[in-house]
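K.L.:
Quick one, target-v6.cif (mmCIF, C-alpha atoms):
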```
data_upload
loop_
_atom_site.label_atom_id
_atom_site.label_comp_id
_atom_site.auth_asym_id
_atom_site.auth_seq_id
_atom_site.Cartn_x
_atom_site.Cartn_y
_atom_site.Cartn_z
CA MET Q 524 79.28 0.78 -18.44
CA LYS Q 525 81.17 4.10 -18.52
CA LEU Q 526 79.56 7.25 -19.95
CA ALA Q 527 80.63 10.84 -20.49
CA ILE Q 528 78.31 13.84 -20.77
CA ILE Q 529 78.87 16.45 -23.45
CA GLY Q 530 76.33 19.16 -22.66
CA ALA Q 531 75.22 19.14 -19.02
CA GLY Q 532 72.00 21.06 -19.52
CA GLN Q 533 68.60 19.69 -18.64
CA ARG Q 534 68.39 17.05 -21.38
CA GLY Q 535 71.90 15.70 -20.93
CA MET Q 536 71.50 15.46 -17.17
CA ILE Q 537 68.15 13.65 -17.46
CA TYR Q 538 69.64 10.85 -19.55
CA ALA Q 539 72.79 10.67 -17.44
CA LYS Q 540 70.80 10.42 -14.19
CA TYR Q 541 68.67 7.57 -15.52
CA ALA Q 542 71.80 5.74 -16.64
CA TYR Q 543 73.53 6.38 -13.31
CA GLU Q 544 70.65 5.80 -10.90
CA GLU Q 545 68.62 3.13 -12.72
CA ALA Q 546 71.23 1.18 -14.67
CA GLY Q 547 74.35 1.60 -12.54
CA ALA Q 548 76.36 3.31 -15.26
CA GLN Q 549 79.49 5.19 -14.21
CA ILE Q 550 79.71 8.82 -15.37
CA VAL Q 551 83.42 9.48 -15.83
CA ALA Q 552 83.58 12.93 -17.46
CA VAL Q 553 81.54 16.03 -18.19
CA VAL Q 554 81.92 18.76 -20.81
CA ASP Q 555 80.00 22.04 -20.61
CA LEU Q 556 80.77 25.72 -21.18
CA ASN Q 557 79.00 26.61 -17.93
CA LYS Q 558 81.11 26.04 -14.81
CA GLU Q 559 78.05 25.81 -12.54
CA LYS Q 560 76.66 22.98 -14.63
CA ARG Q 561 80.01 21.19 -14.65
CA ASP Q 562 80.22 21.50 -10.87
CA ILE Q 563 76.71 20.10 -10.39
CA ALA Q 564 77.46 17.14 -12.65
CA CYS Q 565 80.69 16.46 -10.78
CA ALA Q 566 78.85 16.51 -7.45
CA ASP Q 567 75.92 14.39 -8.66
CA PHE Q 568 78.03 11.71 -10.33
CA ASN Q 569 81.29 11.83 -8.33
CA ILE Q 570 83.26 12.98 -11.36
CA PRO Q 571 86.84 14.04 -10.47
CA ALA Q 572 87.64 17.71 -11.09
CA ASP Q 573 90.28 16.85 -13.69
CA MET Q 574 87.58 15.14 -15.79
CA ALA Q 575 85.44 18.27 -16.14
CA PHE Q 576 86.04 20.26 -19.33
CA SER Q 577 84.77 23.48 -20.86
CA ASP Q 578 85.78 22.44 -24.39
CA SER Q 579 85.00 19.10 -26.02
CA LYS Q 580 88.33 19.22 -27.88
CA ASP Q 581 90.17 18.89 -24.56
CA PHE Q 582 88.02 15.89 -23.67
CA PHE Q 583 88.55 14.17 -27.03
CA ALA Q 584 92.31 14.77 -26.72
CA LEU Q 585 92.32 12.16 -23.93
CA GLY Q 586 91.39 9.43 -26.41
CA LYS Q 587 88.62 6.97 -25.55
CA VAL Q 588 88.00 7.02 -21.78
CA ALA Q 589 84.40 5.74 -21.74
CA ASP Q 590 82.15 3.35 -23.63
CA ALA Q 591 79.73 6.01 -24.86
CA ILE Q 592 78.79 9.66 -24.63
CA VAL Q 593 75.54 11.49 -24.03
CA LEU Q 594 75.69 14.32 -26.57
CA ALA Q 595 73.24 17.10 -25.69
CA THR Q 596 74.83 20.34 -26.81
CA MET Q 597 73.31 22.99 -29.08
CA ASP Q 598 72.03 21.87 -32.47
CA ARG Q 599 74.84 23.28 -34.59
CA ASP Q 600 77.53 21.74 -32.38
CA HIS Q 601 76.34 18.15 -32.84
CA TYR Q 602 78.06 17.42 -36.14
CA ALA Q 603 81.66 18.21 -35.20
CA GLN Q 604 81.33 16.60 -31.79
CA ALA Q 605 79.62 13.46 -33.06
CA MET Q 606 82.16 12.97 -35.83
CA ALA Q 607 85.07 13.42 -33.42
CA ALA Q 608 83.49 11.00 -30.96
CA MET Q 609 82.97 8.30 -33.59
CA ASP Q 610 86.54 8.69 -34.82
CA LEU Q 611 87.54 7.56 -31.31
CA GLY Q 612 85.03 4.69 -31.37
CA TYR Q 613 82.42 6.15 -29.04
CA ASP Q 614 78.80 5.05 -29.17
CA ILE Q 615 76.44 8.03 -28.82
CA LEU Q 616 73.09 8.88 -27.30
CA LEU Q 617 72.40 11.93 -29.45
CA GLU Q 618 69.88 14.63 -28.60
CA LYS Q 619 67.65 15.68 -31.48
CA PRO Q 620 67.96 17.24 -33.93
CA ILE Q 621 70.86 15.25 -35.32
CA SER Q 622 71.88 18.46 -37.11
CA PRO Q 623 70.00 21.32 -38.77
CA ASN Q 624 71.97 20.49 -41.93
CA VAL Q 625 70.68 17.42 -43.77
CA LYS Q 626 74.07 16.75 -45.37
CA GLU Q 627 75.57 16.58 -41.89
CA CYS Q 628 72.76 14.25 -40.76
CA ILE Q 629 73.59 11.86 -43.59
CA GLU Q 630 77.33 12.08 -42.90
CA ILE Q 631 76.79 11.23 -39.22
CA ARG Q 632 74.69 8.23 -40.28
CA ASN Q 633 77.35 7.10 -42.75
CA LYS Q 634 80.16 7.55 -40.23
CA ALA Q 635 78.26 5.46 -37.66
CA LYS Q 636 77.95 2.65 -40.21
CA GLU Q 637 81.59 2.95 -41.26
CA LYS Q 638 82.91 2.88 -37.67
CA GLY Q 639 80.39 0.38 -36.32
CA CYS Q 640 79.19 2.88 -33.74
CA THR Q 641 75.75 2.69 -32.17
CA VAL Q 642 74.09 6.11 -32.46
CA VAL Q 643 70.65 6.43 -30.92
CA VAL Q 644 68.73 9.66 -31.54
CA CYS Q 645 66.55 10.91 -28.69
CA HIS Q 646 63.19 10.49 -30.43
CA VAL Q 647 61.56 9.78 -27.09
CA LEU Q 648 57.96 9.71 -28.38
CA ARG Q 649 58.52 6.21 -29.78
CA TYR Q 650 59.13 5.08 -26.20
CA THR Q 651 55.98 6.52 -24.62
CA LYS Q 652 53.07 4.25 -23.72
CA PHE Q 653 50.74 6.68 -25.52
CA PHE Q 654 52.28 6.32 -28.99
CA SER Q 655 53.36 2.72 -28.44
CA GLU Q 656 49.74 1.71 -27.85
CA ILE Q 657 48.57 3.57 -30.95
CA LYS Q 658 51.26 1.77 -32.95
CA ARG Q 659 50.19 -1.59 -31.48
CA ILE Q 660 46.55 -1.04 -32.48
CA ILE Q 661 47.51 0.00 -36.01
CA ASP Q 662 49.79 -3.01 -36.45
CA SER Q 663 47.14 -5.39 -35.11
CA GLY Q 664 45.07 -4.71 -38.23
CA GLU Q 665 41.78 -4.62 -36.32
CA LEU Q 666 40.82 -1.31 -37.97
CA GLY Q 667 42.20 -2.11 -41.41
CA ARG Q 668 44.75 0.01 -43.25
CA VAL Q 669 45.59 3.54 -42.16
CA ILE Q 670 44.12 6.02 -44.64
CA THR Q 671 44.90 9.44 -43.16
CA ILE Q 672 46.16 11.09 -39.94
CA GLN Q 673 45.52 14.43 -38.25
CA HIS Q 674 48.32 15.27 -35.81
CA ALA Q 675 48.98 18.42 -33.78
CA GLU Q 676 51.73 19.61 -31.49
CA ASN Q 677 50.36 22.23 -29.12
CA VAL Q 678 53.51 23.91 -27.86
CA GLY Q 679 51.91 26.00 -25.11
CA ASN Q 680 52.17 29.80 -25.27
CA PHE Q 681 54.45 29.95 -22.21
CA HIS Q 682 56.76 27.23 -23.62
CA MET Q 683 56.86 29.05 -26.95
CA ALA Q 684 57.81 32.28 -25.19
CA HIS Q 685 60.44 30.58 -23.07
CA SER Q 686 62.23 28.35 -25.58
CA PHE Q 687 61.47 29.79 -29.01
CA VAL Q 688 61.17 33.54 -28.37
CA ARG Q 689 63.52 34.31 -25.48
CA GLY Q 690 65.50 31.08 -25.34
CA ASN Q 691 68.15 29.03 -27.10
CA TRP Q 692 65.99 28.03 -30.08
CA ARG Q 693 64.51 31.45 -30.91
CA ASN Q 694 66.55 32.08 -34.04
CA SER Q 695 67.04 29.54 -36.83
CA ASP Q 696 70.38 31.13 -37.78
CA LEU Q 697 71.70 30.18 -34.34
CA SER Q 698 69.96 26.82 -33.90
CA SER Q 699 67.30 25.30 -36.20
CA PRO Q 700 63.91 26.12 -37.72
CA ILE Q 701 61.24 25.18 -35.18
CA ILE Q 702 59.90 22.32 -37.29
CA MET Q 703 63.37 20.77 -37.21
CA GLN Q 704 64.20 21.52 -33.58
CA LYS Q 705 60.82 20.83 -31.99
CA SER Q 706 58.87 18.79 -34.51
CA CYS Q 707 61.37 16.33 -35.96
CA HIS Q 708 59.82 14.32 -33.07
CA ASP Q 709 56.46 14.53 -34.85
CA MET Q 710 57.82 13.77 -38.31
CA ASP Q 711 59.46 10.72 -36.76
CA ILE Q 712 56.31 9.52 -35.01
CA LEU Q 713 54.28 9.85 -38.22
CA LEU Q 714 56.88 7.83 -40.13
CA TRP Q 715 56.79 5.16 -37.42
CA LEU Q 716 53.01 4.92 -37.29
CA VAL Q 717 52.56 4.91 -41.07
CA GLY Q 718 55.43 2.51 -41.74
CA SER Q 719 56.47 4.24 -44.94
CA ASN Q 720 58.81 6.98 -46.08
CA CYS Q 721 57.48 10.35 -47.21
CA LYS Q 722 56.82 10.93 -50.91
CA ARG Q 723 56.07 14.67 -50.97
CA ILE Q 724 55.42 17.48 -48.53
CA SER Q 725 54.16 21.07 -48.44
CA SER Q 726 54.09 23.52 -45.58
CA PHE Q 727 52.87 26.99 -44.64
CA GLY Q 728 53.59 29.09 -41.58
CA ASN Q 729 55.00 32.30 -40.22
CA LEU Q 730 55.94 34.34 -37.20
CA SER Q 731 52.59 35.99 -36.55
CA PHE Q 732 52.37 37.06 -32.92
CA PHE Q 733 55.73 37.41 -31.17
CA LYS Q 734 56.98 40.51 -32.99
CA PRO Q 735 57.36 44.23 -32.22
CA GLU Q 736 54.10 45.50 -33.71
CA ASN Q 737 52.16 43.39 -31.21
CA ALA Q 738 53.88 44.80 -28.13
CA PRO Q 739 51.45 46.39 -25.65
CA ALA Q 740 51.29 50.17 -25.75
CA GLY Q 741 53.71 51.67 -23.27
CA SER Q 742 55.67 48.47 -22.74
CA ALA Q 743 59.43 48.36 -22.17
CA GLU Q 744 62.38 46.33 -23.45
CA ARG Q 745 62.55 44.27 -20.25
CA CYS Q 746 59.88 42.92 -17.92
CA LEU Q 747 61.30 44.36 -14.70
CA ASP Q 748 61.25 47.84 -16.22
CA CYS Q 749 57.83 47.53 -17.81
CA PRO Q 750 55.00 49.82 -16.61
CA VAL Q 751 52.35 47.49 -18.08
CA ALA Q 752 53.83 44.20 -16.83
CA ASP Q 753 50.87 43.60 -14.51
CA LYS Q 754 48.61 43.33 -17.57
CA CYS Q 755 50.92 41.03 -19.57
CA ARG Q 756 50.80 37.25 -19.21
CA PHE Q 757 54.38 37.00 -20.51
CA ASP Q 758 55.75 39.09 -17.64
CA GLY Q 759 58.84 37.23 -16.40
CA LYS Q 760 57.76 37.41 -12.78
CA LYS Q 761 54.46 35.72 -13.62
CA ALA Q 762 56.19 33.15 -15.81
CA TYR Q 763 58.96 32.05 -13.46
CA LEU Q 764 58.55 33.06 -9.80
CA PRO Q 765 55.55 30.77 -9.09
CA ILE Q 766 57.49 27.75 -10.39
CA CYS Q 767 60.88 28.23 -8.71
CA GLY Q 768 62.70 24.92 -8.66
CA GLN Q 769 60.78 23.55 -11.63
CA TRP Q 770 61.20 23.70 -15.39
CA PRO Q 771 61.47 26.17 -17.06
CA ALA Q 772 62.51 28.38 -14.13
CA THR Q 773 65.48 26.04 -13.59
CA VAL Q 774 66.83 27.07 -17.00
CA LEU Q 775 67.30 30.69 -15.92
CA THR Q 776 69.75 30.12 -13.08
CA GLU Q 777 71.04 27.53 -10.64
CA ASP Q 778 69.95 29.91 -7.83
CA GLN Q 779 66.29 28.97 -7.52
CA THR Q 780 65.41 31.59 -4.92
CA GLU Q 781 63.26 34.65 -5.56
CA GLU Q 782 66.41 36.77 -5.52
CA GLY Q 783 68.14 34.45 -7.96
CA ILE Q 784 65.22 34.46 -10.40
CA LEU Q 785 64.88 38.26 -10.26
CA LYS Q 786 68.62 38.66 -10.89
CA ALA Q 787 68.35 36.39 -13.94
CA LEU Q 788 65.35 38.36 -15.22
CA ARG Q 789 67.24 41.61 -14.72
CA GLU Q 790 70.42 40.48 -16.45
CA GLY Q 791 69.64 37.54 -18.70
CA PRO Q 792 67.71 36.79 -21.90
CA TYR Q 793 64.57 35.51 -20.17
CA GLY Q 794 63.73 38.95 -18.81
CA ARG Q 795 63.31 40.43 -22.29
CA CYS Q 796 59.96 41.51 -23.69
CA VAL Q 797 58.69 38.65 -25.87
CA PHE Q 798 57.70 41.17 -28.54
CA ARG Q 799 61.21 42.66 -28.74
CA CYS Q 800 63.56 39.68 -29.06
CA ASP Q 801 65.76 38.57 -31.94
CA ASN Q 802 63.48 35.59 -32.66
CA ASN Q 803 62.64 34.56 -36.21
CA VAL Q 804 61.16 31.03 -35.97
CA CYS Q 805 57.50 30.38 -36.77
CA ASP Q 806 54.91 30.49 -34.03
CA ASN Q 807 52.49 28.53 -36.24
CA GLN Q 808 53.03 26.07 -39.08
CA VAL Q 809 50.86 23.58 -40.96
CA THR Q 810 52.28 20.72 -43.04
CA ASP Q 811 50.62 18.36 -45.54
CA ILE Q 812 52.29 15.02 -46.16
CA GLU Q 813 51.84 12.16 -48.61
CA PHE Q 814 53.67 8.92 -47.86
CA GLU Q 815 54.93 6.41 -50.40
CA ASN Q 816 52.27 3.88 -49.36
CA GLY Q 817 49.48 6.38 -50.13
CA VAL Q 818 48.69 7.45 -46.56
CA THR Q 819 48.16 11.19 -46.13
CA ALA Q 820 48.69 13.27 -42.99
CA THR Q 821 48.36 16.80 -41.73
CA PHE Q 822 50.60 18.19 -39.01
CA HIS Q 823 49.77 21.40 -37.15
CA LEU Q 824 52.26 23.11 -34.88
CA SER Q 825 51.02 26.02 -32.79
CA GLY Q 826 52.80 28.14 -30.20
CA LEU Q 827 49.51 29.72 -29.17
CA THR Q 828 47.82 27.10 -27.01
CA ASN Q 829 47.05 27.04 -23.31
CA LYS Q 830 48.94 23.86 -22.47
CA MET Q 831 51.66 21.62 -23.87
CA HIS Q 832 50.24 18.46 -25.37
CA ARG Q 833 49.89 16.48 -28.57
CA THR Q 834 46.68 15.27 -30.17
CA ILE Q 835 46.27 12.71 -32.91
CA LYS Q 836 43.48 11.07 -34.91
CA VAL Q 837 44.34 8.04 -37.02
CA MET Q 838 41.57 7.23 -39.51
CA CYS Q 839 41.60 3.68 -40.87
CA GLU Q 840 39.38 1.66 -43.18
CA ASN Q 841 37.11 0.35 -40.44
CA GLY Q 842 37.57 2.71 -37.52
CA ASP Q 843 39.70 5.41 -35.96
CA ILE Q 844 42.00 6.06 -33.01
CA TYR Q 845 41.90 9.37 -31.15
CA GLY Q 846 44.28 10.43 -28.43
CA ASP Q 847 45.40 13.42 -26.37
CA ASP Q 848 48.68 12.66 -24.63
CA SER Q 849 47.71 14.82 -21.65
CA GLU Q 850 45.01 12.23 -20.84
CA ASP Q 851 45.44 8.68 -19.57
CA PHE Q 852 43.51 6.89 -22.31
CA ILE Q 853 43.03 6.74 -26.06
CA THR Q 854 39.68 6.17 -27.77
CA VAL Q 855 39.22 3.46 -30.38
CA THR Q 856 36.03 3.60 -32.47
CA LYS Q 857 34.79 1.07 -34.99
CA TYR Q 858 32.64 2.77 -37.63
CA SER Q 859 28.87 2.51 -37.48
CA PRO Q 860 26.46 1.73 -40.37
CA ASN Q 861 24.33 4.87 -39.74
CA TYR Q 862 24.16 8.05 -37.66
CA LEU Q 863 21.76 6.53 -35.11
CA TYR Q 864 24.44 4.13 -33.88
CA GLU Q 865 27.67 5.54 -32.51
CA GLY Q 866 29.64 2.42 -33.32
CA GLU Q 867 31.73 0.25 -31.06
CA VAL Q 868 33.77 2.53 -28.82
CA ARG Q 869 36.34 1.58 -26.21
CA LYS Q 870 38.83 3.50 -24.11
CA VAL Q 871 42.30 2.02 -23.86
CA PRO Q 872 44.34 3.04 -20.77
CA VAL Q 873 47.79 4.49 -21.44
CA ASN Q 874 48.90 5.51 -17.98
CA SER Q 875 52.20 7.32 -18.27
CA GLU Q 876 55.14 6.59 -16.03
CA GLU Q 877 56.71 9.29 -13.93
CA GLY Q 878 59.41 11.39 -15.50
CA PHE Q 879 59.80 13.44 -18.63
CA HIS Q 880 57.80 12.61 -21.77
CA GLY Q 881 55.60 10.16 -19.90
CA GLY Q 882 58.48 7.81 -19.15
CA GLY Q 883 59.83 8.00 -22.69
CA ASP Q 884 63.19 9.45 -21.60
CA TYR Q 885 63.68 6.62 -19.13
CA ARG Q 886 62.88 3.85 -21.60
CA LEU Q 887 65.01 5.49 -24.31
CA THR Q 888 68.03 5.54 -21.98
CA LEU Q 889 67.57 1.89 -21.04
CA ASP Q 890 67.13 0.93 -24.70
CA PHE Q 891 70.42 2.64 -25.54
CA LEU Q 892 72.28 0.93 -22.71
CA ASN Q 893 70.77 -2.44 -23.63
CA ALA Q 894 71.95 -2.02 -27.21
CA LEU Q 895 75.49 -1.32 -25.99
CA GLU Q 896 75.52 -4.30 -23.65
CA ASN Q 897 74.34 -6.57 -26.46
CA LYS Q 898 76.28 -4.99 -29.30
CA ASP Q 899 77.72 -8.31 -30.37
CA LYS Q 900 74.16 -9.54 -30.92
CA GLN Q 901 73.33 -6.44 -33.03
CA VAL Q 902 70.29 -5.57 -30.94
CA GLU Q 903 68.25 -2.90 -32.73
CA THR Q 904 66.86 0.14 -30.94
CA LYS Q 905 63.62 1.97 -31.71
CA SER Q 906 65.40 5.16 -32.74
CA GLY Q 907 68.74 4.28 -34.24
CA ILE Q 908 70.41 6.72 -36.59
CA GLU Q 909 69.30 4.80 -39.70
CA LEU Q 910 65.64 5.20 -38.73
CA SER Q 911 65.98 8.77 -37.52
CA VAL Q 912 67.53 10.51 -40.52
CA GLU Q 913 64.30 10.34 -42.56
CA SER Q 914 62.40 12.52 -40.08
CA HIS Q 915 65.07 15.20 -40.40
CA LEU Q 916 64.82 15.08 -44.19
CA MET Q 917 61.06 15.62 -43.82
CA ALA Q 918 61.51 18.55 -41.44
CA TYR Q 919 64.06 20.13 -43.77
CA ALA Q 920 61.77 19.65 -46.77
CA ALA Q 921 58.82 21.15 -44.87
CA GLU Q 922 60.85 24.26 -44.06
CA GLN Q 923 62.06 24.57 -47.66
CA SER Q 924 58.45 24.29 -48.84
CA ARG Q 925 57.32 26.93 -46.34
CA VAL Q 926 59.96 29.36 -47.55
CA SER Q 927 59.59 28.67 -51.29
CA GLY Q 928 55.86 27.98 -51.48
CA GLU Q 929 56.53 24.84 -53.53
CA VAL Q 930 55.63 21.19 -52.99
CA TYR Q 931 58.83 19.35 -52.06
CA TYR Q 932 59.48 15.89 -53.50
CA MET Q 933 61.59 13.73 -51.21
CA ASP Q 934 63.32 11.70 -53.94
CA LYS Q 935 64.99 14.89 -55.11
CA LEU Q 936 66.26 15.57 -51.60
CA ARG Q 937 67.50 12.02 -50.99
CA LYS Q 938 69.46 12.15 -54.25
CA GLY Q 939 71.09 15.42 -53.18
#
```
Would you give me this structure, written as structure tokens?
P.N.:
Amino acid sequence: MKLAIIGAGQRGMIYAKYAYEEAGAQIVAVVDLNKEKRDIACADFNIPADMAFSDSKDFFALGKVADAIVLATMDRDHYAQAMAAMDLGYDILLEKPISPNVKECIEIRNKAKEKGCTVVVCHVLRYTKFFSEIKRIIDSGELGRVITIQHAENVGNFHMAHSFVRGNWRNSDLSSPIIMQKSCHDMDILLWLVGSNCKRISSFGNLSFFKPENAPAGSAERCLDCPVADKCRFDGKKAYLPICGQWPATVLTEDQTEEGILKALREGPYGRCVFRCDNNVCDNQVTDIEFENGVTATFHLSGLTNKMHRTIKVMCENGDIYGDDSEDFITVTKYSPNYLYEGEVRKVPVNSEEGFHGGGDYRLTLDFLNALENKDKQVETKSGIELSVESHLMAYAAEQSRVSGEVYYMDKLRKG
């Protein structure tokens, strides 16, 4: 199996390394604007220098030189690159979001069907043991029908500051609204658990904290120049120096020494005051959802939490399922007849594998490669493009509802 990487950032390299190290795939080309990243990919995967490109157009000009591509560039680049790749017959492992533009999402789906290309979207939560076990319990029917779900994505205040205030996804005009970029995962997992498309959706949220009026008195434009940095938890030195060599410090620079980190803070975007950036995405958002089968759900995204984790409570006819994906178990409760009896309660182990997203990235990559190897048998994946477009329609509708203040009906959106 031959693969090419378009976008050699963290996500693209994770998938490529699993394919290379665990499945024996050959990585034959790399495309990235950043020469350091291209050089690292070439060294890691033995890619010849003449197969490293700064522009995807130069790569596509070669014709089809691999079986598939790992496409992990910025959100607004996906459409043109995916369409060009499918015109050449490439199968694609596509980082989410498919595109911030729902028309482009639909066109990518239609092109995949027209060309017979396998396009798998990186909705890695479907591949985690945590959500897979919740899905198994729901589908077993032991608790009856699902009635309603409470779901939350707790982004982590430091992750919010890094990715959505200082980082690549800070401004929806440059990338995507946060509910599309970050939480299309969560729209997708709700669709999967409920087993029904969305009927209508409403959403509320804003940018409440990370804005100029909340900057500490006497603070400066940049952390290294700031006289009150010692009192600020978002100080770049506090955020990145203690975790040199680990995410998200590795995003700042390839030079993971103290000198390298300080240079990046002095010169790059991650040294800016979090209250004085050009960010415009929400730092909190709540969404109410009704599905076509009558199930209701609430989704709460918050950038002001102490750690990164997701929590979920699935309430069924005869019991409920509660889980926190930072723990190694979920709790299943069968309802009691009165308040003196707590009901039948059991803890179900969901030990995560090593790696990102509790092993979800690893299993996603293997699922994609398995689908390619068995393409003649039309093996379905858990997150093919046909299944994944609906979550993006939901995220788009939620953002439209947030901006307009109106309930958004999905039939209207699907009909264009």
K.L.:
Residues picked by the PyMOL selection byres ((chain Q and resi 925-936) around 8) here, as a list in words?
P.N.:
Cys721, Lys722, Arg723, Ile724, Ser725, Ser726, Phe727, Gly728, Leu916, Met917, Ala920, Ala921, Glu922, Gln923, Ser924, Arg937, Lys938 and Gly939 of chain Q
K.L.:
Could you please take those selected residues and save C-alpha atoms as a PDB file, keeping the file's coordinate frame?
P.N.:
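Saved result, part-v4.pdb, follows:
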```pdb
ATOM      1  CA  CYS Q 721      57.480  10.350 -47.210  1.00  0.00           C
ATOM      2  CA  LYS Q 722      56.820  10.930 -50.910  1.00  0.00           C
ATOM      3  CA  ARG Q 723      56.070  14.670 -50.970  1.00  0.00           C
ATOM      4  CA  ILE Q 724      55.420  17.480 -48.530  1.00  0.00           C
ATOM      5  CA  SER Q 725      54.160  21.070 -48.440  1.00  0.00           C
ATOM      6  CA  SER Q 726      54.090  23.520 -45.580  1.00  0.00           C
ATOM      7  CA  PHE Q 727      52.870  26.990 -44.640  1.00  0.00           C
ATOM      8  CA  GLY Q 728      53.590  29.090 -41.580  1.00  0.00           C
ATOM      9  CA  LEU Q 916      64.820  15.080 -44.190  1.00  0.00           C
ATOM     10  CA  MET Q 917      61.060  15.620 -43.820  1.00  0.00           C
ATOM     11  CA  ALA Q 920      61.770  19.650 -46.770  1.00  0.00           C
ATOM     12  CA  ALA Q 921      58.820  21.150 -44.870  1.00  0.00           C
ATOM     13  CA  GLU Q 922      60.850  24.260 -44.060  1.00  0.00           C
ATOM     14  CA  GLN Q 923      62.060  24.570 -47.660  1.00  0.00           C
ATOM     15  CA  SER Q 924      58.450  24.290 -48.840  1.00  0.00           C
ATOM     16  CA  ARG Q 937      67.500  12.020 -50.990  1.00  0.00           C
ATOM     17  CA  LYS Q 938      69.460  12.150 -54.250  1.00  0.00           C
ATOM     18  CA  GLY Q 939      71.090  15.420 -53.180  1.00  0.00           C
TER      19      GLY Q 939
END
```
K.L.:
Please indicate the distance in Å from atom CA of Gly907 of chain Q to atom CA of Phe687 of chain Q, rounded to one decimal place.
P.N.:
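Atom CA of Phe687 of chain Q lies 27.0 Å from atom CA of Gly907 of chain Q.
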K.L.:
Dig up all the protein and nucleic acid residues within 12 Å of (89.2, 18.5, -27.3) in the file frame, using all atoms listed in the file, and format them as a VMD selection string.
P.N.:
chain Q and resid 529 554 to 555 575 to 587 603 to 604 607 to 608 611
K.L.:
Just want the 6 Å neighbourhood of Asn807 of chain Q, counted on only C-alpha atoms, with same-chain residues fewer than 2 positions away dropped. Output as a ChimeraX atom specification.
P.N.:
/Q:728,805,824-825
K.L.:
Quick one: distance from atom CA of Met606 of chain Q to atom CA of Ile631 of chain Q in Å, one decimal?
P.N.:
6.6 Å
K.L.:
Quote the spacing between atom CA of Ile812 of chain Q and atom CA of Ala918 of chain Q in Å to one decimal place.
P.N.:
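We find that atom CA of Ile812 of chain Q and atom CA of Ala918 of chain Q lie 10.9 Å from each other.
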K.L.:
Which residue is closest to Asp899 of chain Q? Choose from Q:Cys800, Q:Glu559, Q:Thr641, Q:Val553 and count all atoms listed in the file.
P.N.:
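Counting all atoms listed in the file, the residue closest to Asp899 of chain Q is Q:Thr641.
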K.L.:
Specify as a ChimeraX atom specification each residue included when the PyMOL selection byres ((chain Q and resi 643-645) around 6) is applied to this file.
P.N.:
/Q:616-619,642,646-647,906-908
